[in-house]
Amino acid sequence: MAKYDEGFKRAVVQEYLSGSKGFRMLASQYGVDGATIRRWVEGYRQHGEAGIRRKYSRYDARFKLSVLQRMWREELTYRQVIALFDLRGGTAVVASWERRYHEGGLDALEPQPRGRPKKMTRPKSPESVPARPTAMRTLEELRKENECLRAEVAYLKKLDALVRAKQQAAPKKRKP
């Protein structure tokens, strides 16, 4: 969802272009960041009405590389590049393209899949298969489980007895 509609952007840009107010005054009047207004004005100057419309686009790696090469060749700033090529998303878009290109080359500029990754299904191993409900177990499985539980209880009782014996055997301190 767009934060500002097209009509609002157009009105702010026209007010700036009329020369009556600057970026700062418009920013405080409308509660919009001055850099945002500056971006709207530059987009309008470069591309007309299309420069302030919402735009949905994904760029391929070759386009991103051509943008970066032109930026380096003509020594343009990020702000100039986004105005020239009508890129949305602010200067961070071009900065991330440049960073990714330096880190991984042309392959790093390939479009990334959007959204949440699909759930991966794991192959079921015998350990990850949940135990069957008690009603469906065989008599042998129930006897084996019962034996394990009895051994566990016996172990815990023996451990408790040893701890108590150790506490009783320890010398007690006398109070002065």
# chains A, B, ... in the order shown; residues from 1 in each chain; ligands from 1

$ select_by_dssp --residues "chain A" --states "alpha helix (DSSP H)" --output "PyMOL selection string"
chain A and resi 6-17+23-30+34-47+61-74+78-85+91-104+139-169

$ residues_around --residues "Gln112 in chain A" --least-positions-apart "3" --cutoff "12 Å" --atoms "only C-alpha atoms" --output "short mmCIF file (atom, residue, chain, number, x, y, z; two decimals) with all heavy atoms, in the first residue's frame"
data_model
loop_
_atom_site.label_atom_id
_atom_site.label_comp_id
_atom_site.auth_asym_id
_atom_site.auth_seq_id
_atom_site.Cartn_x
_atom_site.Cartn_y
_atom_site.Cartn_z
N ARG A 58 10.68 -5.49 -11.54
CA ARG A 58 11.87 -6.25 -11.13
C ARG A 58 12.86 -6.10 -12.25
O ARG A 58 12.50 -6.15 -13.43
CB ARG A 58 11.50 -7.72 -10.92
CG ARG A 58 10.56 -7.89 -9.74
CD ARG A 58 10.34 -9.32 -9.46
NE ARG A 58 11.59 -9.90 -8.97
CZ ARG A 58 11.67 -11.10 -8.45
NH1 ARG A 58 10.60 -11.84 -8.34
NH2 ARG A 58 12.82 -11.58 -8.02
N TYR A 59 14.09 -5.91 -11.90
CA TYR A 59 15.11 -5.65 -12.90
C TYR A 59 16.03 -6.85 -13.00
O TYR A 59 16.41 -7.45 -12.00
CB TYR A 59 15.92 -4.41 -12.50
CG TYR A 59 15.05 -3.20 -12.24
CD1 TYR A 59 14.83 -2.75 -10.94
CD2 TYR A 59 14.45 -2.51 -13.29
CE1 TYR A 59 14.04 -1.64 -10.71
CE2 TYR A 59 13.66 -1.40 -13.05
CZ TYR A 59 13.45 -0.98 -11.76
OH TYR A 59 12.66 0.11 -11.53
N ASP A 60 16.42 -7.18 -14.24
CA ASP A 60 17.33 -8.30 -14.42
C ASP A 60 18.76 -7.85 -14.16
O ASP A 60 19.05 -6.65 -14.02
CB ASP A 60 17.17 -8.91 -15.81
CG ASP A 60 17.55 -7.96 -16.93
OD1 ASP A 60 17.66 -6.76 -16.67
OD2 ASP A 60 17.75 -8.44 -18.06
N ALA A 61 19.66 -8.80 -14.10
CA ALA A 61 21.05 -8.51 -13.74
C ALA A 61 21.73 -7.60 -14.76
O ALA A 61 22.53 -6.73 -14.39
CB ALA A 61 21.82 -9.81 -13.59
N TRP A 97 22.75 -2.78 -4.88
CA TRP A 97 23.21 -3.38 -6.14
C TRP A 97 24.72 -3.27 -6.24
O TRP A 97 25.41 -4.23 -6.60
CB TRP A 97 22.60 -2.68 -7.34
CG TRP A 97 21.13 -2.89 -7.54
CD1 TRP A 97 20.30 -3.72 -6.83
CD2 TRP A 97 20.31 -2.24 -8.50
NE1 TRP A 97 19.02 -3.62 -7.29
CE2 TRP A 97 19.00 -2.72 -8.33
CE3 TRP A 97 20.55 -1.29 -9.49
CZ2 TRP A 97 17.93 -2.29 -9.12
CZ3 TRP A 97 19.49 -0.86 -10.28
CH2 TRP A 97 18.19 -1.36 -10.09
N ARG A 100 26.42 -5.62 -3.67
CA ARG A 100 26.32 -7.03 -4.08
C ARG A 100 27.21 -7.32 -5.28
O ARG A 100 27.80 -8.40 -5.38
CB ARG A 100 24.86 -7.38 -4.39
CG ARG A 100 24.02 -7.47 -3.15
CD ARG A 100 22.69 -8.12 -3.35
NE ARG A 100 22.11 -7.94 -4.66
CZ ARG A 100 20.85 -7.65 -4.90
NH1 ARG A 100 20.01 -7.50 -3.92
NH2 ARG A 100 20.41 -7.50 -6.13
N ASP A 107 26.55 -12.49 -11.02
CA ASP A 107 25.60 -13.48 -10.48
C ASP A 107 24.88 -12.96 -9.24
O ASP A 107 23.72 -13.32 -9.00
CB ASP A 107 26.33 -14.78 -10.12
CG ASP A 107 26.84 -15.50 -11.37
OD1 ASP A 107 26.27 -15.25 -12.45
OD2 ASP A 107 27.80 -16.29 -11.25
N ALA A 108 25.53 -12.13 -8.46
CA ALA A 108 24.92 -11.59 -7.24
C ALA A 108 23.81 -10.59 -7.55
O ALA A 108 22.99 -10.30 -6.69
CB ALA A 108 25.98 -10.94 -6.36
N LEU A 109 23.77 -10.09 -8.79
CA LEU A 109 22.74 -9.13 -9.17
C LEU A 109 21.45 -9.79 -9.67
O LEU A 109 20.47 -9.10 -9.92
CB LEU A 109 23.27 -8.18 -10.26
CG LEU A 109 24.39 -7.24 -9.84
CD1 LEU A 109 24.84 -6.41 -11.02
CD2 LEU A 109 23.94 -6.35 -8.71
N GLY A 115 9.21 -13.06 -0.97
CA GLY A 115 8.29 -13.75 -0.07
C GLY A 115 8.98 -14.76 0.81
O GLY A 115 10.19 -14.92 0.82
N ARG A 116 8.17 -15.45 1.55
CA ARG A 116 8.64 -16.44 2.49
C ARG A 116 9.03 -17.71 1.74
O ARG A 116 8.33 -18.13 0.83
CB ARG A 116 7.51 -16.74 3.47
CG ARG A 116 7.92 -17.60 4.63
CD ARG A 116 6.76 -17.81 5.55
NE ARG A 116 6.56 -16.62 6.36
CZ ARG A 116 5.66 -16.53 7.31
NH1 ARG A 116 4.85 -17.53 7.54
NH2 ARG A 116 5.55 -15.44 8.02
N PRO A 117 10.15 -18.34 2.11
CA PRO A 117 10.54 -19.56 1.42
C PRO A 117 9.51 -20.68 1.66
O PRO A 117 8.88 -20.73 2.71
CB PRO A 117 11.89 -19.93 2.03
CG PRO A 117 12.04 -19.08 3.22
CD PRO A 117 11.09 -17.95 3.13
#

$ closest_residue --among "A:Pro111, A:Thr121, A:Ala92, A:Val12" --to "Ser28 in chain A" --atoms "only C-alpha atoms"
A:Val12

$ closest_residue --among "A:Gln29, A:Ser57, A:Thr36, A:Gln80" --to "Lys9 in chain A" --atoms "only C-alpha atoms"
A:Thr36

$ closest_residue --among "A:Lys118, A:Trp40, A:Gln168, A:Ser96" --to "Phe23 in chain A" --atoms "only C-alpha atoms"
A:Trp40

$ atom_distance --atom1 "CA of Leu139 in chain A" --atom2 "CA of Ala151 in chain A"
18.6 Å

$ atom_distance --atom1 "CA of Leu84 in chain A" --atom2 "CA of Glu49 in chain A"
14.3 Å

$ closest_residue --among "A:Glu15, A:Arg99, A:Gly31, A:Glu6" --to "Arg53 in chain A" --atoms "only C-alpha atoms"
A:Glu6

$ residues_around --residues "Lys55 in chain A" --least-positions-apart "6" --cutoff "10 Å" --atoms "only C-alpha atoms" --output "PyMOL selection string"
chain A and resi 86-89

$ atom_distance --atom1 "CA of Ala11 in chain A" --atom2 "CA of Val41 in chain A"
10.8 Å

$ residues_around --residues "Tyr4 in chain A" --least-positions-apart "3" --cutoff "10 Å" --atoms "only C-alpha atoms" --output "list in words"
Met1, Gly7, Phe8, Lys9, Val32 and Arg54 of chain A

$ residues_around --residues "range 68-78 of chain A" --least-positions-apart "6" --cutoff "8 Å" --atoms "only C-alpha atoms" --output "JSON, numbers by chain"
{"A": [91, 94, 95, 97, 98]}
